[in-house]
$ cat coords.csv   # CSV, C-alpha atoms
chain,number,residue,atom,x,y,z
A,175,MET,CA,-74.7,68.8,-185.9
A,176,GLU,CA,-71.1,69.4,-187.0
A,177,ILE,CA,-70.3,69.1,-190.7
A,178,GLU,CA,-66.7,69.9,-191.7
A,179,ARG,CA,-63.9,69.0,-194.1
A,180,LYS,CA,-60.3,68.9,-193.0
A,181,PHE,CA,-57.1,69.5,-195.0
A,182,LEU,CA,-53.4,69.5,-194.3
A,183,VAL,CA,-51.5,72.7,-195.1
A,184,GLU,CA,-47.9,73.0,-196.1
A,185,THR,CA,-47.7,76.6,-197.2
A,186,LEU,CA,-49.4,79.3,-195.2
A,187,PRO,CA,-51.5,81.8,-197.1
A,188,GLU,CA,-50.1,85.3,-197.7
A,189,GLN,CA,-50.9,88.2,-195.4
A,190,LEU,CA,-52.0,85.8,-192.7
A,191,GLU,CA,-51.6,88.5,-190.0
A,192,GLN,CA,-54.6,90.5,-191.3
A,193,TYR,CA,-57.0,87.8,-190.1
A,194,PRO,CA,-58.2,87.4,-186.5
A,195,LYS,CA,-56.3,84.8,-184.4
A,196,ARG,CA,-56.9,83.1,-181.1
A,197,ARG,CA,-54.8,80.8,-179.0
A,198,ILE,CA,-56.6,77.5,-178.2
A,199,GLN,CA,-55.9,75.0,-175.5
A,200,GLN,CA,-57.8,71.7,-175.4
A,201,ALA,CA,-57.7,68.3,-173.8
A,202,TYR,CA,-59.7,65.1,-173.7
A,203,LEU,CA,-61.4,63.5,-170.8
A,204,SER,CA,-62.4,60.7,-173.1
A,205,THR,CA,-61.8,59.9,-176.8
A,206,ASP,CA,-64.5,57.2,-177.2
A,207,PRO,CA,-67.0,58.9,-176.8
A,208,VAL,CA,-65.3,62.2,-177.4
A,209,VAL,CA,-65.5,64.5,-174.3
A,210,ARG,CA,-63.3,67.6,-174.6
A,211,VAL,CA,-62.5,70.7,-172.6
A,212,ARG,CA,-61.3,73.8,-174.5
A,213,ARG,CA,-60.1,77.3,-173.7
A,214,SER,CA,-60.3,79.8,-176.5
A,215,GLY,CA,-59.2,83.2,-175.3
A,216,GLU,CA,-61.2,83.7,-172.2
A,217,GLU,CA,-64.0,81.3,-173.2
A,218,TYR,CA,-64.2,77.8,-171.6
A,219,VAL,CA,-66.3,75.0,-173.1
A,220,LEU,CA,-67.1,71.4,-172.4
A,221,THR,CA,-67.9,69.5,-175.7
A,222,CYS,CA,-69.3,66.1,-176.3
A,223,LYS,CA,-69.1,64.7,-179.9
A,224,GLY,CA,-70.8,61.6,-181.4
A,225,PRO,CA,-69.2,59.2,-183.9
A,226,GLY,CA,-68.5,60.2,-187.4
A,227,LEU,CA,-65.9,62.1,-189.5
A,228,LEU,CA,-67.6,64.3,-192.1
A,229,SER,CA,-70.8,64.7,-190.0
A,230,ARG,CA,-71.4,64.1,-186.3
A,231,GLU,CA,-73.5,65.3,-183.4
A,232,GLU,CA,-72.0,67.9,-181.1
A,233,GLN,CA,-73.2,69.4,-177.9
A,234,GLU,CA,-71.4,72.2,-175.9
A,235,MET,CA,-71.7,73.6,-172.4
A,236,PRO,CA,-70.0,76.7,-171.1
A,237,LEU,CA,-67.6,76.3,-168.2
A,238,THR,CA,-66.1,78.7,-165.6
A,239,ALA,CA,-62.3,79.1,-165.6
A,240,GLU,CA,-62.2,77.2,-162.3
A,241,ALA,CA,-64.2,74.2,-163.7
A,242,TYR,CA,-62.0,74.2,-166.8
A,243,GLY,CA,-58.9,74.0,-164.6
A,244,ARG,CA,-60.3,71.1,-162.6
A,245,LEU,CA,-61.3,69.1,-165.6
A,246,LEU,CA,-58.0,69.8,-167.5
A,247,ALA,CA,-56.2,68.2,-164.6
A,248,LYS,CA,-58.1,65.0,-165.2
A,249,ALA,CA,-57.6,64.8,-168.9
A,250,ASP,CA,-55.9,61.9,-170.6
A,251,GLY,CA,-53.2,62.2,-173.3
A,252,THR,CA,-51.4,65.3,-174.4
A,253,VAL,CA,-52.9,68.7,-174.1
A,254,ILE,CA,-53.1,70.4,-177.5
A,255,THR,CA,-52.2,74.0,-178.0
A,256,LYS,CA,-52.6,75.8,-181.3
A,257,ASP,CA,-53.1,79.2,-182.9
A,258,ARG,CA,-56.3,79.5,-184.9
A,259,TRP,CA,-56.8,82.0,-187.7
A,260,ARG,CA,-60.3,82.6,-189.1
A,261,ILE,CA,-60.1,83.3,-192.9
A,262,PRO,CA,-63.2,84.3,-195.0
A,263,CYS,CA,-63.8,82.0,-198.0
A,264,GLY,CA,-66.9,82.9,-199.9
A,265,PRO,CA,-69.9,82.1,-197.6
A,266,TYR,CA,-67.7,80.0,-195.4
A,267,THR,CA,-64.9,80.5,-192.9
A,268,ILE,CA,-61.6,78.6,-192.9
A,269,GLU,CA,-60.3,77.8,-189.5
A,270,LEU,CA,-56.5,77.5,-189.9
A,271,ASP,CA,-54.8,75.7,-187.0
A,272,VAL,CA,-51.1,76.0,-186.5
A,273,PHE,CA,-50.1,73.5,-183.8
A,274,ALA,CA,-47.6,74.2,-181.1
A,275,PRO,CA,-45.0,71.5,-179.9
A,276,PRO,CA,-45.1,68.6,-179.6
A,277,PHE,CA,-47.4,68.5,-182.7
A,278,ALA,CA,-45.5,71.2,-184.6
A,279,PRO,CA,-45.0,71.6,-187.6
A,280,LEU,CA,-48.6,70.3,-188.1
A,281,VAL,CA,-50.9,72.8,-189.8
A,282,MET,CA,-54.5,71.9,-190.7
A,283,ALA,CA,-57.4,73.8,-192.2
A,284,GLU,CA,-61.1,73.1,-191.3
A,285,VAL,CA,-64.2,74.4,-193.0
A,286,GLU,CA,-67.7,73.9,-191.5
A,287,PHE,CA,-70.9,73.7,-193.6
A,288,PRO,CA,-74.6,73.9,-192.9
A,289,THR,CA,-75.3,70.8,-195.1
A,290,GLU,CA,-73.5,67.7,-196.3
A,291,ALA,CA,-74.4,68.7,-199.9
A,292,GLU,CA,-72.5,72.0,-199.5
A,293,ALA,CA,-69.6,70.2,-197.9
A,294,LEU,CA,-69.3,67.8,-200.8
A,295,ALA,CA,-69.6,70.6,-203.4
A,296,PHE,CA,-66.9,72.8,-201.8
A,297,GLN,CA,-63.8,73.4,-203.9
A,298,PRO,CA,-60.8,74.0,-201.6
A,299,PRO,CA,-58.3,76.9,-202.3
A,300,GLU,CA,-55.1,76.0,-204.1
A,301,TRP,CA,-53.0,76.5,-200.9
A,302,PHE,CA,-54.9,73.6,-199.2
A,303,GLY,CA,-53.0,70.3,-199.2
A,304,ARG,CA,-54.2,66.7,-198.9
A,305,GLU,CA,-57.7,66.2,-197.5
A,306,VAL,CA,-57.8,64.2,-194.3
A,307,THR,CA,-61.5,64.4,-193.5
A,308,GLN,CA,-62.0,60.7,-193.6
A,309,ASP,CA,-58.7,59.9,-191.8
A,310,SER,CA,-59.5,59.4,-188.2
A,311,ALA,CA,-55.8,59.8,-187.3
A,312,TYR,CA,-56.2,63.5,-187.8
A,313,THR,CA,-59.0,64.2,-185.4
A,314,ASN,CA,-57.7,66.2,-182.5
A,315,ALA,CA,-58.8,63.4,-180.1
A,316,ALA,CA,-56.6,60.9,-181.9
A,317,LEU,CA,-53.7,63.4,-182.0
A,318,SER,CA,-53.8,63.9,-178.3
A,319,ARG,CA,-53.7,60.2,-177.7
A,320,ARG,CA,-51.1,59.3,-180.4
A,321,CYS,CA,-48.5,61.7,-179.2
A,322,GLY,CA,-48.1,60.0,-175.9
A,323,GLU,CA,-48.6,56.4,-177.1
A,324,ASP,CA,-46.1,56.8,-179.9
A,325,ALA,CA,-43.3,58.3,-177.8
A,326,VAL,CA,-40.1,56.2,-178.2
A,327,ARG,CA,-37.0,57.1,-176.4
A,328,PRO,CA,-33.5,56.4,-177.7
A,329,GLY,CA,-31.6,53.4,-176.4
A,330,ARG,CA,-31.4,49.7,-176.7
A,331,TYR,CA,-34.4,47.5,-177.4
A,332,ARG,CA,-35.0,43.7,-177.6
A,333,HIS,CA,-37.3,42.4,-180.3
A,334,PHE,CA,-39.8,39.8,-179.2
A,335,LYS,CA,-37.8,37.2,-181.3
A,336,GLY,CA,-34.6,38.0,-179.3
A,337,LYS,CA,-32.4,40.2,-181.3
A,338,GLU,CA,-31.3,43.7,-180.2
A,339,TYR,CA,-31.7,47.1,-181.8
A,340,ARG,CA,-30.6,50.6,-181.1
A,341,VAL,CA,-33.1,53.5,-181.5
A,342,LEU,CA,-31.1,56.5,-182.8
A,343,TYR,CA,-33.9,59.1,-182.7
A,344,THR,CA,-37.5,59.8,-183.8
A,345,ALA,CA,-38.6,61.7,-186.9
A,346,THR,CA,-41.8,63.0,-188.5
A,347,HIS,CA,-43.0,61.7,-191.9
A,348,SER,CA,-43.0,64.7,-194.3
A,349,GLU,CA,-46.3,64.0,-195.9
A,350,THR,CA,-48.5,62.3,-193.2
A,351,ARG,CA,-46.8,63.9,-190.0
A,352,GLU,CA,-46.8,60.3,-188.6
A,353,PRO,CA,-44.1,59.8,-185.9
A,354,MET,CA,-41.4,57.5,-187.1
A,355,VAL,CA,-38.5,55.6,-185.4
A,356,VAL,CA,-35.0,55.6,-186.9
A,357,TYR,CA,-33.1,52.5,-185.6
A,358,GLN,CA,-30.1,50.2,-186.2
A,359,PRO,CA,-29.9,46.4,-185.8
A,360,LEU,CA,-27.1,45.4,-183.4
A,361,TYR,CA,-26.2,42.5,-185.7
A,362,GLY,CA,-25.4,42.0,-189.4
A,363,ASP,CA,-24.4,45.0,-191.4
A,364,HIS,CA,-25.8,47.5,-188.8
A,365,GLY,CA,-27.8,49.3,-191.4
A,366,ILE,CA,-30.1,52.2,-190.7
A,367,TRP,CA,-33.9,51.5,-190.9
A,368,VAL,CA,-37.1,53.4,-190.2
A,369,ARG,CA,-40.7,52.3,-189.2
A,370,PRO,CA,-43.8,53.9,-187.8
A,371,ALA,CA,-43.7,54.5,-184.1
A,372,SER,CA,-47.2,53.0,-183.8
A,373,MET,CA,-45.8,49.7,-185.2
A,374,TRP,CA,-42.7,49.9,-182.9
A,375,ASN,CA,-44.9,50.2,-179.8
A,376,GLU,CA,-47.6,47.6,-180.8
A,377,GLU,CA,-48.2,44.2,-179.2
A,378,VAL,CA,-47.7,41.0,-181.1
A,379,THR,CA,-49.0,37.5,-180.4
A,380,ARG,CA,-46.8,34.4,-181.2
A,381,ASP,CA,-47.6,30.8,-180.2
A,382,GLY,CA,-50.5,32.1,-178.0
A,383,VAL,CA,-48.2,34.5,-176.1
A,384,THR,CA,-48.8,38.3,-176.4
A,385,ALA,CA,-45.8,40.7,-175.9
A,386,GLN,CA,-44.4,44.0,-176.9
A,387,ARG,CA,-42.8,44.0,-180.4
A,388,PHE,CA,-39.8,45.9,-178.9
A,389,THR,CA,-39.0,46.1,-175.2
A,390,TYR,CA,-36.7,48.8,-173.9
A,391,ILE,CA,-33.7,47.4,-172.1
A,392,GLY,CA,-31.6,50.5,-171.3
A,393,GLU,CA,-29.5,53.4,-172.5
A,394,GLU,CA,-26.3,53.1,-174.4
$ encode --input "coords.csv" --output "structure tokens"
Amino acid sequence: MEIERKFLVETLPEQLEQYPKRRIQQAYLSTDPVVRVRRSGEEYVLTCKGPGLLSREEQEMPLTAEAYGRLLAKADGTVITKDRWRIPCGPYTIELDVFAPPFAPLVMAEVEFPTEAEALAFQPPEWFGREVTQDSAYTNAALSRRCGEDAVRPGRYRHFKGKEYRVLYTATHSETREPMVVYQPLYGDHGIWVRPASMWNEEVTRDGVTAQRFTYIGEE
């Protein structure tokens, strides 16, 4: 059983270099159910996780480097690479993850507990930011899928109602780290607007017909 709370971090703790660090690479063969392969240093593991956010079942099986490589090639979504520091915190250990591109500058702290009662009683250090334990968008499985799904390239797009728009570039929300699209209508006052990339890419249904909200029609 895995019981953990998860927090965003905006300011790294002082003297971080004194704590042990490992580079982690992981990818997902499936996100529902979660089936993950991970390399941590020279250790290779296949992990299966049950449903849940604060608590969920977890089973692990060691892999050889060769098996890991074969499974990695079959993974869906974006491979996640991050540096993990292990920081003592009373009877617990903080696992501080600093994500590499394309997820940078995302930083998250996770703390595992032996019981839910201890998890709920835990008082996070002052340098922790917003808690995202119950936000499924911040599971690593969701991150691996979202990065690819939310990719939006610059260029001209046609809205499903017919009008055209220009995507200028993409950005990252400063608080939630959500991918955002910065765009300009090619009509009216040509103002500058922003909306979540997930909304830009979603399908809509109108008069019984389902289509992309915005369809790419070419570069400028």
$ closest_residue --input "coords.csv" --among "A:Pro288, A:Gly392, A:Gly215, A:Gly243" --to "Tyr266 (chain A)" --atoms "all atoms listed in the file"
A:Pro288
$ closest_residue --input "coords.csv" --among "A:Ala239, A:Val306, A:Val272, A:Leu228" --to "Glu176 (chain A)" --atoms "all atoms listed in the file"
A:Leu228
$ closest_residue --input "coords.csv" --among "A:Asp309, A:Gln358, A:Ile391, A:Trp367" --to "Arg330 (chain A)" --atoms "only C-alpha atoms"
A:Ile391
$ closest_residue --input "coords.csv" --among "A:Tyr343, A:Tyr361, A:His333, A:Tyr202" --to "Trp374 (chain A)" --atoms "all atoms listed in the file"
A:His333
$ residues_around --input "coords.csv" --residues "region 336-340 of chain A" --least-positions-apart "4" --cutoff "8 Å" --atoms "all atoms listed in the file" --output "MDAnalysis selection string"
chainID A and resid 328:332 357:361
$ residues_around --input "coords.csv" --residues "Leu294 (chain A)" --least-positions-apart "3" --cutoff "12 Å" --atoms "all atoms listed in the file" --output "list of chain:residue names"
A:Ile177, A:Glu178, A:Arg179, A:Lys180, A:Leu228, A:Ser229, A:Val285, A:Glu286, A:Phe287, A:Pro288, A:Thr289, A:Glu290, A:Ala291, A:Gln297, A:Pro298, A:Thr307
$ atom_distance --input "coords.csv" --atom1 "CA of Ser310 (chain A)" --atom2 "CA of Leu245 (chain A)"
24.7 Å
$ residues_around --input "coords.csv" --residues "Val219 (chain A)" --least-positions-apart "6" --cutoff "10 Å" --atoms "all atoms listed in the file" --output "PDB file with C-alpha atoms, in the coordinates of the input"
ATOM      1  CA  GLN A 200     -57.800  71.700-175.400  1.00  0.00           C
ATOM      2  CA  ARG A 210     -63.300  67.600-174.600  1.00  0.00           C
ATOM      3  CA  VAL A 211     -62.500  70.700-172.600  1.00  0.00           C
ATOM      4  CA  ARG A 212     -61.300  73.800-174.500  1.00  0.00           C
ATOM      5  CA  ARG A 213     -60.100  77.300-173.700  1.00  0.00           C
ATOM      6  CA  GLU A 234     -71.400  72.200-175.900  1.00  0.00           C
ATOM      7  CA  MET A 235     -71.700  73.600-172.400  1.00  0.00           C
ATOM      8  CA  PRO A 236     -70.000  76.700-171.100  1.00  0.00           C
ATOM      9  CA  LEU A 237     -67.600  76.300-168.200  1.00  0.00           C
ATOM     10  CA  THR A 238     -66.100  78.700-165.600  1.00  0.00           C
ATOM     11  CA  ALA A 239     -62.300  79.100-165.600  1.00  0.00           C
ATOM     12  CA  ALA A 241     -64.200  74.200-163.700  1.00  0.00           C
ATOM     13  CA  TYR A 242     -62.000  74.200-166.800  1.00  0.00           C
TER      14      TYR A 242
END
$ residues_around --input "coords.csv" --residues "Arg197 (chain A)" --least-positions-apart "5" --cutoff "12 Å" --atoms "only C-alpha atoms" --output "ChimeraX atom specification"
/A:212-217,254-260,270-274
$ atom_distance --input "coords.csv" --atom1 "CA of Gln199 (chain A)" --atom2 "CA of Ala249 (chain A)"
12.3 Å
$ atom_distance --input "coords.csv" --atom1 "CA of Ala316 (chain A)" --atom2 "CA of Gly251 (chain A)"
9.3 Å
$ closest_residue --input "coords.csv" --among "A:Pro276, A:Pro265, A:Lys335, A:Thr313" --to "Pro353 (chain A)" --atoms "only C-alpha atoms"
A:Pro276
$ closest_residue --input "coords.csv" --among "A:Ser318, A:Arg244, A:Arg230, A:Glu300" --to "Ser204 (chain A)" --atoms "all atoms listed in the file"
A:Ser318
$ residues_around --input "coords.csv" --residues "Phe302 (chain A)" --least-positions-apart "2" --cutoff "8 Å" --atoms "all atoms listed in the file" --output "list of chain:residue names"
A:Phe181, A:Leu182, A:Val183, A:Glu184, A:Ala283, A:Pro298, A:Pro299, A:Glu300, A:Arg304
$ write_last_selection --input "coords.csv" --atoms "C-alpha atoms" --output "JSON list (two decimals), in the frame of the given file"
[["chain", "number", "residue", "atom", "x", "y", "z"],
["A", 181, "PHE", "CA", -57.10, 69.50, -195.00],
["A", 182, "LEU", "CA", -53.40, 69.50, -194.30],
["A", 183, "VAL", "CA", -51.50, 72.70, -195.10],
["A", 184, "GLU", "CA", -47.90, 73.00, -196.10],
["A", 283, "ALA", "CA", -57.40, 73.80, -192.20],
["A", 298, "PRO", "CA", -60.80, 74.00, -201.60],
["A", 299, "PRO", "CA", -58.30, 76.90, -202.30],
["A", 300, "GLU", "CA", -55.10, 76.00, -204.10],
["A", 304, "ARG", "CA", -54.20, 66.70, -198.90]]
$ build_atoms --input "coords.csv" --residues "region 283-310 of chain A" --atoms "N, CA and C atoms" --output "CSV table (one decimal), keeping the file's coordinate frame"
chain,number,residue,atom,x,y,z
A,283,ALA,N,-56.4,72.9,-191.9
A,283,ALA,CA,-57.4,73.8,-192.2
A,283,ALA,C,-58.8,73.1,-192.1
A,284,GLU,N,-59.7,73.7,-191.4
A,284,GLU,CA,-61.1,73.1,-191.3
A,284,GLU,C,-62.1,74.1,-191.9
A,285,VAL,N,-63.1,73.5,-192.5
A,285,VAL,CA,-64.2,74.4,-193.0
A,285,VAL,C,-65.5,73.7,-192.6
A,286,GLU,N,-66.4,74.4,-191.9
A,286,GLU,CA,-67.7,73.9,-191.5
A,286,GLU,C,-68.8,74.3,-192.5
A,287,PHE,N,-69.8,73.5,-192.6
A,287,PHE,CA,-70.9,73.7,-193.6
A,287,PHE,C,-72.2,73.5,-193.0
A,288,PRO,N,-73.2,74.1,-193.5
A,288,PRO,CA,-74.6,73.9,-192.9
A,288,PRO,C,-75.2,72.6,-193.4
A,289,THR,N,-74.8,72.0,-194.5
A,289,THR,CA,-75.3,70.8,-195.1
A,289,THR,C,-74.2,69.9,-195.7
A,290,GLU,N,-74.4,68.6,-195.7
A,290,GLU,CA,-73.5,67.7,-196.3
A,290,GLU,C,-73.3,68.0,-197.8
A,291,ALA,N,-74.4,68.4,-198.5
A,291,ALA,CA,-74.4,68.7,-199.9
A,291,ALA,C,-73.4,69.8,-200.2
A,292,GLU,N,-73.4,70.9,-199.4
A,292,GLU,CA,-72.5,72.0,-199.5
A,292,GLU,C,-71.1,71.6,-199.2
A,293,ALA,N,-70.9,70.7,-198.2
A,293,ALA,CA,-69.6,70.2,-197.9
A,293,ALA,C,-69.0,69.5,-199.1
A,294,LEU,N,-69.8,68.6,-199.7
A,294,LEU,CA,-69.3,67.8,-200.8
A,294,LEU,C,-69.0,68.6,-202.1
A,295,ALA,N,-69.7,69.8,-202.2
A,295,ALA,CA,-69.6,70.6,-203.4
A,295,ALA,C,-68.4,71.6,-203.2
A,296,PHE,N,-67.9,71.8,-202.1
A,296,PHE,CA,-66.9,72.8,-201.8
A,296,PHE,C,-65.6,72.5,-202.6
A,297,GLN,N,-65.1,73.5,-203.2
A,297,GLN,CA,-63.8,73.4,-203.9
A,297,GLN,C,-62.7,74.1,-203.1
A,298,PRO,N,-61.8,73.4,-202.5
A,298,PRO,CA,-60.8,74.0,-201.6
A,298,PRO,C,-59.8,74.9,-202.4
A,299,PRO,N,-59.3,76.0,-201.7
A,299,PRO,CA,-58.3,76.9,-202.3
A,299,PRO,C,-57.1,76.1,-202.7
A,300,GLU,N,-56.3,76.7,-203.6
A,300,GLU,CA,-55.1,76.0,-204.1
A,300,GLU,C,-54.1,75.8,-203.0
A,301,TRP,N,-54.1,76.6,-201.9
A,301,TRP,CA,-53.0,76.5,-200.9
A,301,TRP,C,-53.4,75.4,-199.9
A,302,PHE,N,-54.5,74.8,-200.0
A,302,PHE,CA,-54.9,73.6,-199.2
A,302,PHE,C,-54.0,72.4,-199.7
A,303,GLY,N,-53.7,71.6,-198.8
A,303,GLY,CA,-53.0,70.3,-199.2
A,303,GLY,C,-53.9,69.1,-199.2
A,304,ARG,N,-53.4,68.0,-198.8
A,304,ARG,CA,-54.2,66.7,-198.9
A,304,ARG,C,-55.3,66.8,-197.9
A,305,GLU,N,-56.5,66.3,-198.4
A,305,GLU,CA,-57.7,66.2,-197.5
A,305,GLU,C,-57.6,65.0,-196.6
A,306,VAL,N,-57.9,65.2,-195.3
A,306,VAL,CA,-57.8,64.2,-194.3
A,306,VAL,C,-59.1,64.0,-193.6
A,307,THR,N,-60.2,64.5,-194.2
A,307,THR,CA,-61.5,64.4,-193.5
A,307,THR,C,-61.9,63.0,-193.1
A,308,GLN,N,-61.6,62.0,-193.9
A,308,GLN,CA,-62.0,60.7,-193.6
A,308,GLN,C,-60.9,59.9,-192.9
A,309,ASP,N,-59.8,60.5,-192.5
A,309,ASP,CA,-58.7,59.9,-191.8
A,309,ASP,C,-58.8,60.2,-190.3
A,310,SER,N,-59.2,59.2,-189.6
A,310,SER,CA,-59.5,59.4,-188.2
A,310,SER,C,-58.2,59.8,-187.4
